[in-house]
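Engineer: The structure file run.txt (compact mmCIF, C-alpha atoms and all ligand atoms) is provided below.
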```txt
# COMPACT_ATOMS: atom_id res chain seq x y z
CA MET A 79 -14.34 -10.70 5.52
CA THR A 80 -11.13 -12.08 4.05
CA ALA A 81 -9.86 -15.61 4.35
CA ILE A 82 -6.34 -15.95 5.62
CA ILE A 83 -3.92 -18.30 3.91
CA LYS A 84 -2.41 -20.97 6.16
CA GLN A 85 1.22 -21.92 5.55
CA GLY A 86 1.89 -24.67 8.08
CA ASN A 87 1.05 -23.08 11.43
CA VAL A 88 1.46 -19.54 10.14
CA ALA A 89 -1.49 -17.43 9.03
CA VAL A 90 -0.31 -15.35 6.10
CA PRO A 91 -2.28 -12.16 5.49
CA ARG A 92 -3.67 -12.00 1.97
CA HIS A 93 -3.18 -8.26 1.65
CA VAL A 94 -0.45 -6.30 3.43
CA ALA A 95 -0.35 -2.50 3.03
CA ILE A 96 2.64 -0.46 4.18
CA ILE A 97 3.04 3.23 5.06
CA MET A 98 6.77 3.64 4.46
CA ASP A 99 7.55 6.47 6.87
CA GLY A 100 10.79 7.82 8.30
CA ASN A 101 12.98 8.41 5.24
CA GLY A 102 13.42 12.08 6.06
CA ARG A 103 14.32 11.46 9.73
CA TRP A 104 16.72 8.69 8.73
CA ALA A 105 18.58 11.11 6.43
CA GLN A 106 18.44 14.14 8.72
CA SER A 107 19.86 12.20 11.68
CA ARG A 108 22.89 11.51 9.46
CA PHE A 109 23.13 15.13 8.19
CA LEU A 110 22.18 13.90 4.72
CA PRO A 111 19.62 15.45 2.35
CA ARG A 112 16.10 14.05 2.79
CA ALA A 113 16.27 12.75 -0.79
CA GLU A 114 19.04 10.37 0.31
CA GLY A 115 16.57 8.87 2.79
CA HIS A 116 14.10 8.26 -0.04
CA ARG A 117 16.85 6.73 -2.17
CA ARG A 118 17.73 4.32 0.65
CA GLY A 119 14.00 3.72 1.03
CA VAL A 120 13.89 2.18 -2.43
CA GLU A 121 16.33 -0.50 -1.19
CA SER A 122 13.87 -1.31 1.60
CA VAL A 123 11.11 -1.49 -1.02
CA ARG A 124 13.03 -4.17 -2.88
CA ARG A 125 13.84 -6.14 0.29
CA THR A 126 10.22 -5.98 1.43
CA ILE A 127 8.86 -7.17 -1.92
CA GLU A 128 11.21 -10.14 -1.71
CA ALA A 129 10.26 -10.89 1.92
CA ALA A 130 6.52 -10.69 1.19
CA ALA A 131 6.77 -12.90 -1.90
CA LYS A 132 8.94 -15.39 0.00
CA CYS A 133 6.40 -15.81 2.79
CA GLY A 134 3.50 -16.21 0.31
CA VAL A 135 1.68 -12.87 0.67
CA PRO A 136 -0.38 -12.57 -2.55
CA PHE A 137 -1.05 -8.80 -2.39
CA LEU A 138 1.36 -6.12 -1.16
CA SER A 139 0.54 -2.40 -1.40
CA LEU A 140 3.01 0.41 -0.74
CA PHE A 141 2.25 4.08 -0.10
CA ALA A 142 4.88 5.76 -2.29
CA PHE A 143 3.40 9.23 -2.76
CA SER A 144 0.23 10.60 -1.23
CA SER A 145 -2.19 13.12 -2.71
CA GLU A 146 -0.89 15.49 0.02
CA ASN A 147 2.86 14.98 -0.65
CA TRP A 148 2.73 17.69 -3.36
CA ARG A 149 2.79 20.13 -0.40
CA ARG A 150 6.44 19.28 0.31
CA PRO A 151 9.27 21.63 -0.77
CA PRO A 152 9.56 21.54 -4.60
CA GLU A 153 13.11 20.16 -4.49
CA GLU A 154 11.94 17.16 -2.44
CA VAL A 155 8.97 16.55 -4.77
CA ASN A 156 11.35 16.71 -7.76
CA ALA A 157 13.77 14.29 -6.11
CA LEU A 158 10.91 11.87 -5.38
CA MET A 159 9.67 12.09 -8.99
CA LYS A 160 13.15 11.37 -10.37
CA LEU A 161 13.56 8.47 -7.98
CA PHE A 162 10.17 7.14 -8.89
CA ALA A 163 10.94 7.26 -12.64
CA THR A 164 14.32 5.53 -12.34
CA ALA A 165 13.17 2.99 -9.75
CA LEU A 166 10.16 2.01 -11.86
CA LYS A 167 12.33 1.19 -14.87
CA ARG A 168 14.95 -0.68 -12.84
CA GLU A 169 12.66 -2.53 -10.44
CA ALA A 170 10.20 -3.69 -13.13
CA LYS A 171 12.87 -6.03 -14.54
CA HIS A 172 13.59 -7.32 -11.04
CA MET A 173 9.87 -7.92 -10.46
CA LEU A 174 9.47 -9.74 -13.75
CA ALA A 175 12.33 -12.07 -12.75
CA ASN A 176 10.61 -12.70 -9.40
CA GLY A 177 7.10 -13.28 -10.78
CA VAL A 178 5.73 -10.07 -9.22
CA ARG A 179 3.00 -8.19 -11.04
CA MET A 180 3.20 -4.44 -10.61
CA ARG A 181 0.16 -2.19 -10.62
CA VAL A 182 -0.22 1.46 -9.72
CA ALA A 183 -3.19 3.00 -7.90
CA GLY A 184 -3.77 6.75 -7.78
CA ASP A 185 -4.50 9.79 -9.90
CA LEU A 186 -1.74 9.43 -12.48
CA THR A 187 -2.78 12.46 -14.54
CA ALA A 188 -0.66 14.72 -12.29
CA PHE A 189 2.57 12.90 -13.23
CA SER A 190 4.85 13.78 -16.16
CA GLU A 191 4.32 11.93 -19.44
CA ASP A 192 7.63 10.17 -18.91
CA ILE A 193 6.50 8.75 -15.55
CA GLN A 194 3.06 7.82 -16.90
CA GLN A 195 4.75 5.95 -19.73
CA SER A 196 7.14 4.16 -17.35
CA ILE A 197 4.14 3.11 -15.26
CA ALA A 198 2.29 1.77 -18.29
CA GLU A 199 5.40 -0.08 -19.49
CA SER A 200 6.12 -1.63 -16.07
CA GLU A 201 2.50 -2.73 -15.69
CA ALA A 202 2.49 -4.25 -19.18
CA MET A 203 5.88 -5.94 -18.71
CA THR A 204 4.78 -7.72 -15.53
CA ALA A 205 1.12 -8.33 -16.48
CA SER A 206 1.48 -12.11 -16.69
CA CYS A 207 3.29 -12.51 -13.35
CA ASP A 208 1.17 -14.32 -10.79
CA ARG A 209 3.29 -14.93 -7.70
CA MET A 210 2.31 -11.66 -6.00
CA VAL A 211 0.58 -8.40 -6.97
CA LEU A 212 2.47 -5.32 -5.86
CA THR A 213 0.40 -2.14 -5.89
CA ILE A 214 2.33 1.11 -5.76
CA CYS A 215 0.07 3.88 -4.48
CA ALA A 216 1.14 7.08 -6.18
CA ASN A 217 -0.72 10.39 -5.89
CA TYR A 218 -3.13 8.22 -3.97
CA GLY A 219 -5.37 9.13 -1.05
CA GLY A 220 -8.06 7.06 0.64
CA ARG A 221 -10.60 9.89 0.39
CA TRP A 222 -9.75 10.45 -3.29
CA ASP A 223 -10.39 6.75 -3.85
CA ILE A 224 -13.82 6.88 -2.14
CA VAL A 225 -14.91 10.01 -4.04
CA GLU A 226 -13.76 8.53 -7.38
CA ALA A 227 -15.65 5.31 -6.60
CA MET A 228 -18.83 7.28 -5.84
CA ARG A 229 -18.53 9.18 -9.12
CA LYS A 230 -18.04 5.96 -11.10
CA MET A 231 -20.84 4.23 -9.22
CA VAL A 232 -23.35 7.02 -9.95
CA LYS A 233 -22.33 6.95 -13.63
CA ALA A 234 -22.82 3.17 -13.76
CA HIS A 235 -26.13 3.30 -11.86
CA PRO A 236 -27.78 6.66 -12.70
CA ASP A 237 -30.98 5.54 -10.92
CA VAL A 238 -29.28 5.95 -7.51
CA ALA A 239 -29.52 9.75 -7.79
CA GLU A 240 -33.32 9.35 -7.49
CA HIS A 241 -33.14 6.27 -5.22
CA PRO A 242 -30.12 6.60 -2.92
CA GLU A 243 -31.51 3.76 -0.76
CA ARG A 244 -30.43 1.42 -3.57
CA ILE A 245 -26.75 2.14 -2.90
CA THR A 246 -25.00 -0.84 -1.30
CA GLU A 247 -21.48 -1.30 0.03
CA ALA A 248 -20.83 -3.79 -2.77
CA MET A 249 -21.75 -1.17 -5.41
CA VAL A 250 -19.23 1.27 -3.95
CA SER A 251 -16.53 -1.40 -3.47
CA GLU A 252 -16.66 -2.52 -7.04
CA HIS A 253 -15.60 0.93 -8.24
CA MET A 254 -12.69 1.47 -5.86
CA ALA A 255 -9.04 1.38 -6.89
CA PHE A 256 -7.73 -2.04 -5.78
CA ASP A 257 -10.72 -3.81 -7.30
CA TRP A 258 -8.07 -6.45 -8.06
CA ALA A 259 -7.18 -7.04 -4.40
CA PRO A 260 -9.01 -8.36 -1.34
CA GLU A 261 -9.48 -6.10 1.69
CA VAL A 262 -6.36 -5.22 3.67
CA ASP A 263 -5.61 -7.69 6.50
CA LEU A 264 -2.47 -6.08 7.88
CA MET A 265 -1.38 -2.44 7.66
CA ILE A 266 2.20 -1.73 8.70
CA ARG A 267 3.50 1.75 9.47
CA THR A 268 7.18 2.39 10.02
CA GLY A 269 8.60 5.47 11.75
CA GLY A 270 6.49 5.25 14.89
CA GLU A 271 3.53 7.54 14.09
CA GLN A 272 0.18 5.98 15.00
CA ARG A 273 -2.03 7.26 12.19
CA ILE A 274 -3.38 6.17 8.81
CA SER A 275 -2.58 9.46 6.99
CA ASN A 276 -5.33 9.03 4.37
CA PHE A 277 -3.82 5.77 3.08
CA ILE A 278 -6.23 2.96 2.18
CA LEU A 279 -9.42 3.71 4.16
CA TRP A 280 -12.41 1.81 2.77
CA GLN A 281 -10.56 -1.43 2.08
CA ALA A 282 -8.69 -1.31 5.41
CA ALA A 283 -11.82 -1.10 7.57
CA TYR A 284 -10.85 -4.31 9.42
CA ALA A 285 -7.09 -4.23 8.95
CA GLU A 286 -4.85 -4.94 11.92
CA LEU A 287 -2.57 -1.94 12.41
CA TYR A 288 1.08 -2.67 13.21
CA VAL A 289 3.31 0.28 14.06
CA THR A 290 7.06 -0.03 14.41
CA ARG A 291 9.51 2.72 15.40
CA THR A 292 11.98 1.39 12.82
CA LEU A 293 12.54 4.01 10.11
CA TRP A 294 11.74 2.81 6.59
CA PRO A 295 15.37 2.74 5.28
CA ASP A 296 16.23 0.44 8.22
CA PHE A 297 13.30 -1.94 7.57
CA ARG A 298 14.57 -5.48 6.90
CA GLU A 299 13.13 -8.94 6.18
CA GLU A 300 13.18 -9.74 9.93
CA ASP A 301 11.08 -6.63 10.61
CA PHE A 302 8.53 -7.80 8.04
CA MET A 303 8.50 -11.26 9.60
CA GLY A 304 8.05 -9.65 13.02
CA ALA A 305 4.87 -7.98 11.73
CA ILE A 306 3.60 -11.31 10.37
CA GLU A 307 4.29 -12.96 13.75
CA TRP A 308 2.43 -10.16 15.55
CA PHE A 309 -0.47 -10.58 13.10
CA ASN A 310 -0.63 -14.28 14.01
CA ASP A 311 -1.37 -13.37 17.64
CA ARG A 312 -4.31 -11.13 16.76
CA GLU A 313 -7.86 -12.32 17.19
CA ARG A 314 -9.86 -10.87 14.30
CA ARG A 315 -13.45 -10.45 15.37
CA PHE A 316 -15.10 -8.50 12.52
CA GLY A 317 -17.71 -7.15 14.95
CA MET A 318 -18.38 -10.48 16.67
CA THR A 319 -17.51 -11.44 20.24
CA GLY A 320 -14.35 -13.39 21.07
CA ASP A 321 -16.49 -16.38 22.14
CA GLN A 322 -18.28 -16.43 18.76
CA VAL A 323 -14.98 -16.27 16.86
CA ARG A 324 -13.50 -19.16 18.87
CA ALA A 325 -16.70 -21.24 18.43
CA ASN A 326 -16.51 -20.74 14.62
CA LYS A 327 -12.86 -21.85 14.36
C1 LIG B 1 7.71 9.07 3.98
O1 LIG B 1 8.88 9.42 4.67
C2 LIG B 1 8.05 8.54 2.67
C3 LIG B 1 7.65 9.09 1.49
C4 LIG B 1 6.81 10.29 1.40
C5 LIG B 1 8.10 8.54 0.20
C6 LIG B 1 8.27 7.06 0.16
C7 LIG B 1 8.89 6.71 -1.12
C8 LIG B 1 9.84 5.78 -1.30
C9 LIG B 1 10.37 4.88 -0.25
C10 LIG B 1 10.33 5.56 -2.68
C11 LIG B 1 9.33 4.68 -3.34
C12 LIG B 1 9.71 4.28 -4.67
C13 LIG B 1 9.08 3.28 -5.33
C14 LIG B 1 9.48 2.92 -6.68
C15 LIG B 1 7.98 2.51 -4.69
P1 LIG B 1 9.03 10.92 5.20
O2 LIG B 1 9.84 11.69 4.21
O3 LIG B 1 7.70 11.51 5.53
O4 LIG B 1 9.86 10.68 6.51
P2 LIG B 1 9.86 11.58 7.84
O5 LIG B 1 8.53 11.32 8.52
O6 LIG B 1 11.01 11.02 8.60
O7 LIG B 1 10.04 13.00 7.42
```
So that I can check it, write out the structure of this file as structure tokens.
Structural biologist:
Amino acid sequence: MTAIIKQGNVAVPRHVAIIMDGNGRWAQSRFLPRAEGHRRGVESVRRTIEAAAKCGVPFLSLFAFSSENWRRPPEEVNALMKLFATALKREAKHMLANGVRMRVAGDLTAFSEDIQQSIAESEAMTASCDRMVLTICANYGGRWDIVEAMRKMVKAHPDVAEHPERITEAMVSEHMAFDWAPEVDLMIRTGGEQRISNFILWQAAYAELYVTRTLWPDFREEDFMGAIEWFNDRERRFGMTGDQVRANK
């Protein structure tokens, strides 16, 4: 269970995760190449980082490229890779200036050496920033994360092969990507689809899911604030009854 930060009367989620959907539709509705939608999406990324940091969110995670996105046409994958490489270099300086620490979660071995190096450099450059931790999920999938955690857990505790009853949730959790972040409080999805698409699964077990029809390139600070306002009206029960939650307040 995660504690929520109070800023005046506003409950600020500690960890916000965003599925940035709708770049392709945004571009296609303007007869532009899909890659142009992704390029405009990077501008929304910057605005959203600023909005989240401004309202005191300590952990923001963005779904930039899923384990399944390799299935897209090669020209779109190439455009996304190029964008990723240039945006990483450019945005890292911006993040450093804003006190934002950048981390990347996902299987990075599939990326080019150039991108892997840019990731390492951006992470190192912003390592001492402590205003907010931004996690870019790249070649990431929630199921991949769970399987990797299981593998690491069995390696760290070889006895569990003989005694599976010794496996606890905490043992699995401690080997997941995002071991640096608390569980997700609020998951936002732009573009209107009501699904999780193999984004953060384990750590979003109790996340509130906010879906907006706004396409990602159109997502602005006021849209982010709208999601925070909506979150403030939610009653988080974590399996308890509403009466119990109100009695514990
Ligand atoms: C989904 O829209 C979006 C993506 C697959 C890519 C998101 C990537 C960015 C915004 C760039 C990120 C860059 C950095 C540095 C974080 P879609 O193409 O599936 O849209 P559609 O549903 O309208 O087709």
Engineer: Report as an mmCIF file with C-alpha atoms, in the coordinates of the input all protein, DNA and RNA residues lying within 9 Å of Ser122 in chain A, evaluated on only C-alpha atoms, omitting residues in the same chain fewer than 6 positions from it.
Structural biologist:
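Result written to selection_4.cif:
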```
data_model
loop_
_atom_site.group_PDB
_atom_site.id
_atom_site.type_symbol
_atom_site.label_atom_id
_atom_site.label_comp_id
_atom_site.auth_asym_id
_atom_site.auth_seq_id
_atom_site.Cartn_x
_atom_site.Cartn_y
_atom_site.Cartn_z
ATOM 1 C CA TRP A 294 11.740 2.810 6.590
ATOM 2 C CA PRO A 295 15.370 2.740 5.280
ATOM 3 C CA ASP A 296 16.230 0.440 8.220
ATOM 4 C CA PHE A 297 13.300 -1.940 7.570
ATOM 5 C CA ARG A 298 14.570 -5.480 6.900
ATOM 6 C CA GLU A 299 13.130 -8.940 6.180
#
```
Engineer: Could you write out as lines of an AutoDock Vina configuration file the box around ligand LIG 1 (chain B) (axis-aligned, all atoms listed in the file, 4 Å on each side), with centre and edge lengths in Å to one decimal?
Structural biologist:
```
center_x = 8.9
center_y = 7.8
center_z = 1.0
size_x = 12.2
size_y = 18.5
size_z = 23.3
```
Engineer: Which residues are near Ala259 in chain A? Cut-off 10 Å, all atoms listed in the file, ignore same chain within fewer than 3 positions. Put them as a ChimeraX atom specification.
Structural biologist: /A:92-93,136-139,211-213,255-256,262,281
Engineer: Excluding range 181-184 of chain A and any residue of its chain fewer than 5 positions from it, enumerate the residues within 9 Å of it, using all atoms listed in the file, and give them as a ChimeraX atom specification.
Structural biologist: /A:144-145,197-198,200-201,204-205,211-219,222-223,255-256
Engineer: Output C-alpha atoms of each residue in that selection to a file, as a tab-separated table (two decimals), in the frame of the given file.
Structural biologist:
```
chain	number	residue	atom	x	y	z
A	144	SER	CA	0.23	10.60	-1.23
A	145	SER	CA	-2.19	13.12	-2.71
A	197	ILE	CA	4.14	3.11	-15.26
A	198	ALA	CA	2.29	1.77	-18.29
A	200	SER	CA	6.12	-1.63	-16.07
A	201	GLU	CA	2.50	-2.73	-15.69
A	204	THR	CA	4.78	-7.72	-15.53
A	205	ALA	CA	1.12	-8.33	-16.48
A	211	VAL	CA	0.58	-8.40	-6.97
A	212	LEU	CA	2.47	-5.32	-5.86
A	213	THR	CA	0.40	-2.14	-5.89
A	214	ILE	CA	2.33	1.11	-5.76
A	215	CYS	CA	0.07	3.88	-4.48
A	216	ALA	CA	1.14	7.08	-6.18
A	217	ASN	CA	-0.72	10.39	-5.89
A	218	TYR	CA	-3.13	8.22	-3.97
A	219	GLY	CA	-5.37	9.13	-1.05
A	222	TRP	CA	-9.75	10.45	-3.29
A	223	ASP	CA	-10.39	6.75	-3.85
A	255	ALA	CA	-9.04	1.38	-6.89
A	256	PHE	CA	-7.73	-2.04	-5.78
```
Engineer: Can you tell me which residues come within 6 Å of ligand LIG 1 (chain B) when counting all atoms listed in the file, ideally as a PyMOL selection string?
Structural biologist: chain A and resi 98-103+116+119-120+142-143+162+165-166+214
Engineer: Write the residues you've just listed into a file as a PDB file, in the frame of the given file, and include C-alpha atoms for each of them.
Structural biologist:
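Full text of selection03.pdb as output:
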```pdb
ATOM      1  CA  MET A  98       6.770   3.640   4.460  1.00  0.00           C
ATOM      2  CA  ASP A  99       7.550   6.470   6.870  1.00  0.00           C
ATOM      3  CA  GLY A 100      10.790   7.820   8.300  1.00  0.00           C
ATOM      4  CA  ASN A 101      12.980   8.410   5.240  1.00  0.00           C
ATOM      5  CA  GLY A 102      13.420  12.080   6.060  1.00  0.00           C
ATOM      6  CA  ARG A 103      14.320  11.460   9.730  1.00  0.00           C
ATOM      7  CA  HIS A 116      14.100   8.260  -0.040  1.00  0.00           C
ATOM      8  CA  GLY A 119      14.000   3.720   1.030  1.00  0.00           C
ATOM      9  CA  VAL A 120      13.890   2.180  -2.430  1.00  0.00           C
ATOM     10  CA  ALA A 142       4.880   5.760  -2.290  1.00  0.00           C
ATOM     11  CA  PHE A 143       3.400   9.230  -2.760  1.00  0.00           C
ATOM     12  CA  PHE A 162      10.170   7.140  -8.890  1.00  0.00           C
ATOM     13  CA  ALA A 165      13.170   2.990  -9.750  1.00  0.00           C
ATOM     14  CA  LEU A 166      10.160   2.010 -11.860  1.00  0.00           C
ATOM     15  CA  ILE A 214       2.330   1.110  -5.760  1.00  0.00           C
TER      16      ILE A 214
END
```
Engineer: What would range 172-203 of chain A look like with N, CA and C atoms restored, written as a short mmCIF file (atom, residue, chain, number, x, y, z; two decimals), in the frame of the given file?
Structural biologist:
```cif
data_model
loop_
_atom_site.label_atom_id
_atom_site.label_comp_id
_atom_site.auth_asym_id
_atom_site.auth_seq_id
_atom_site.Cartn_x
_atom_site.Cartn_y
_atom_site.Cartn_z
N HIS A 172 13.39 -6.51 -12.24
CA HIS A 172 13.59 -7.32 -11.04
C HIS A 172 12.28 -8.05 -10.69
N MET A 173 11.18 -7.33 -10.81
CA MET A 173 9.87 -7.92 -10.46
C MET A 173 9.50 -9.02 -11.44
N LEU A 174 9.77 -8.74 -12.71
CA LEU A 174 9.47 -9.74 -13.75
C LEU A 174 10.23 -11.04 -13.42
N ALA A 175 11.51 -10.89 -13.06
CA ALA A 175 12.33 -12.07 -12.75
C ALA A 175 11.80 -12.81 -11.52
N ASN A 176 11.12 -12.08 -10.63
CA ASN A 176 10.61 -12.70 -9.40
C ASN A 176 9.13 -13.05 -9.46
N GLY A 177 8.51 -12.92 -10.63
CA GLY A 177 7.10 -13.28 -10.78
C GLY A 177 6.14 -12.31 -10.10
N VAL A 178 6.58 -11.05 -9.91
CA VAL A 178 5.73 -10.07 -9.22
C VAL A 178 5.06 -9.14 -10.24
N ARG A 179 3.75 -9.08 -10.15
CA ARG A 179 3.00 -8.19 -11.04
C ARG A 179 2.90 -6.81 -10.41
N MET A 180 3.27 -5.78 -11.17
CA MET A 180 3.20 -4.44 -10.61
C MET A 180 2.00 -3.66 -11.14
N ARG A 181 1.27 -3.04 -10.22
CA ARG A 181 0.16 -2.19 -10.62
C ARG A 181 0.28 -0.88 -9.86
N VAL A 182 -0.30 0.16 -10.40
CA VAL A 182 -0.22 1.46 -9.72
C VAL A 182 -1.63 1.95 -9.46
N ALA A 183 -1.88 2.43 -8.24
CA ALA A 183 -3.19 3.00 -7.90
C ALA A 183 -2.99 4.47 -7.56
N GLY A 184 -3.85 5.33 -8.08
CA GLY A 184 -3.77 6.75 -7.78
C GLY A 184 -4.13 7.57 -8.99
N ASP A 185 -4.17 8.90 -8.79
CA ASP A 185 -4.50 9.79 -9.90
C ASP A 185 -3.21 10.08 -10.67
N LEU A 186 -3.02 9.36 -11.76
CA LEU A 186 -1.74 9.43 -12.48
C LEU A 186 -1.65 10.65 -13.39
N THR A 187 -2.78 11.35 -13.57
CA THR A 187 -2.78 12.46 -14.54
C THR A 187 -1.84 13.59 -14.08
N ALA A 188 -1.51 13.63 -12.79
CA ALA A 188 -0.66 14.72 -12.29
C ALA A 188 0.82 14.45 -12.58
N PHE A 189 1.17 13.24 -12.98
CA PHE A 189 2.57 12.90 -13.23
C PHE A 189 3.00 13.28 -14.64
N SER A 190 4.32 13.44 -14.83
CA SER A 190 4.85 13.78 -16.16
C SER A 190 4.54 12.63 -17.12
N GLU A 191 4.59 12.97 -18.42
CA GLU A 191 4.32 11.93 -19.44
C GLU A 191 5.32 10.79 -19.33
N ASP A 192 6.57 11.16 -19.01
CA ASP A 192 7.63 10.17 -18.91
C ASP A 192 7.29 9.14 -17.80
N ILE A 193 6.84 9.66 -16.66
CA ILE A 193 6.50 8.75 -15.55
C ILE A 193 5.26 7.92 -15.91
N GLN A 194 4.27 8.57 -16.53
CA GLN A 194 3.06 7.82 -16.90
C GLN A 194 3.41 6.69 -17.86
N GLN A 195 4.35 6.98 -18.76
CA GLN A 195 4.75 5.95 -19.73
C GLN A 195 5.52 4.82 -19.03
N SER A 196 6.40 5.19 -18.09
CA SER A 196 7.14 4.16 -17.35
C SER A 196 6.18 3.27 -16.58
N ILE A 197 5.13 3.88 -16.01
CA ILE A 197 4.14 3.11 -15.26
C ILE A 197 3.45 2.12 -16.19
N ALA A 198 3.00 2.64 -17.35
CA ALA A 198 2.29 1.77 -18.29
C ALA A 198 3.19 0.63 -18.75
N GLU A 199 4.47 0.96 -19.02
CA GLU A 199 5.40 -0.08 -19.49
C GLU A 199 5.65 -1.14 -18.41
N SER A 200 5.84 -0.67 -17.17
CA SER A 200 6.12 -1.63 -16.07
C SER A 200 4.91 -2.52 -15.83
N GLU A 201 3.71 -1.93 -15.90
CA GLU A 201 2.50 -2.73 -15.69
C GLU A 201 2.36 -3.77 -16.80
N ALA A 202 2.63 -3.33 -18.04
CA ALA A 202 2.49 -4.25 -19.18
C ALA A 202 3.54 -5.36 -19.10
N MET A 203 4.77 -4.97 -18.73
CA MET A 203 5.88 -5.94 -18.71
C MET A 203 5.62 -7.07 -17.71
#
```
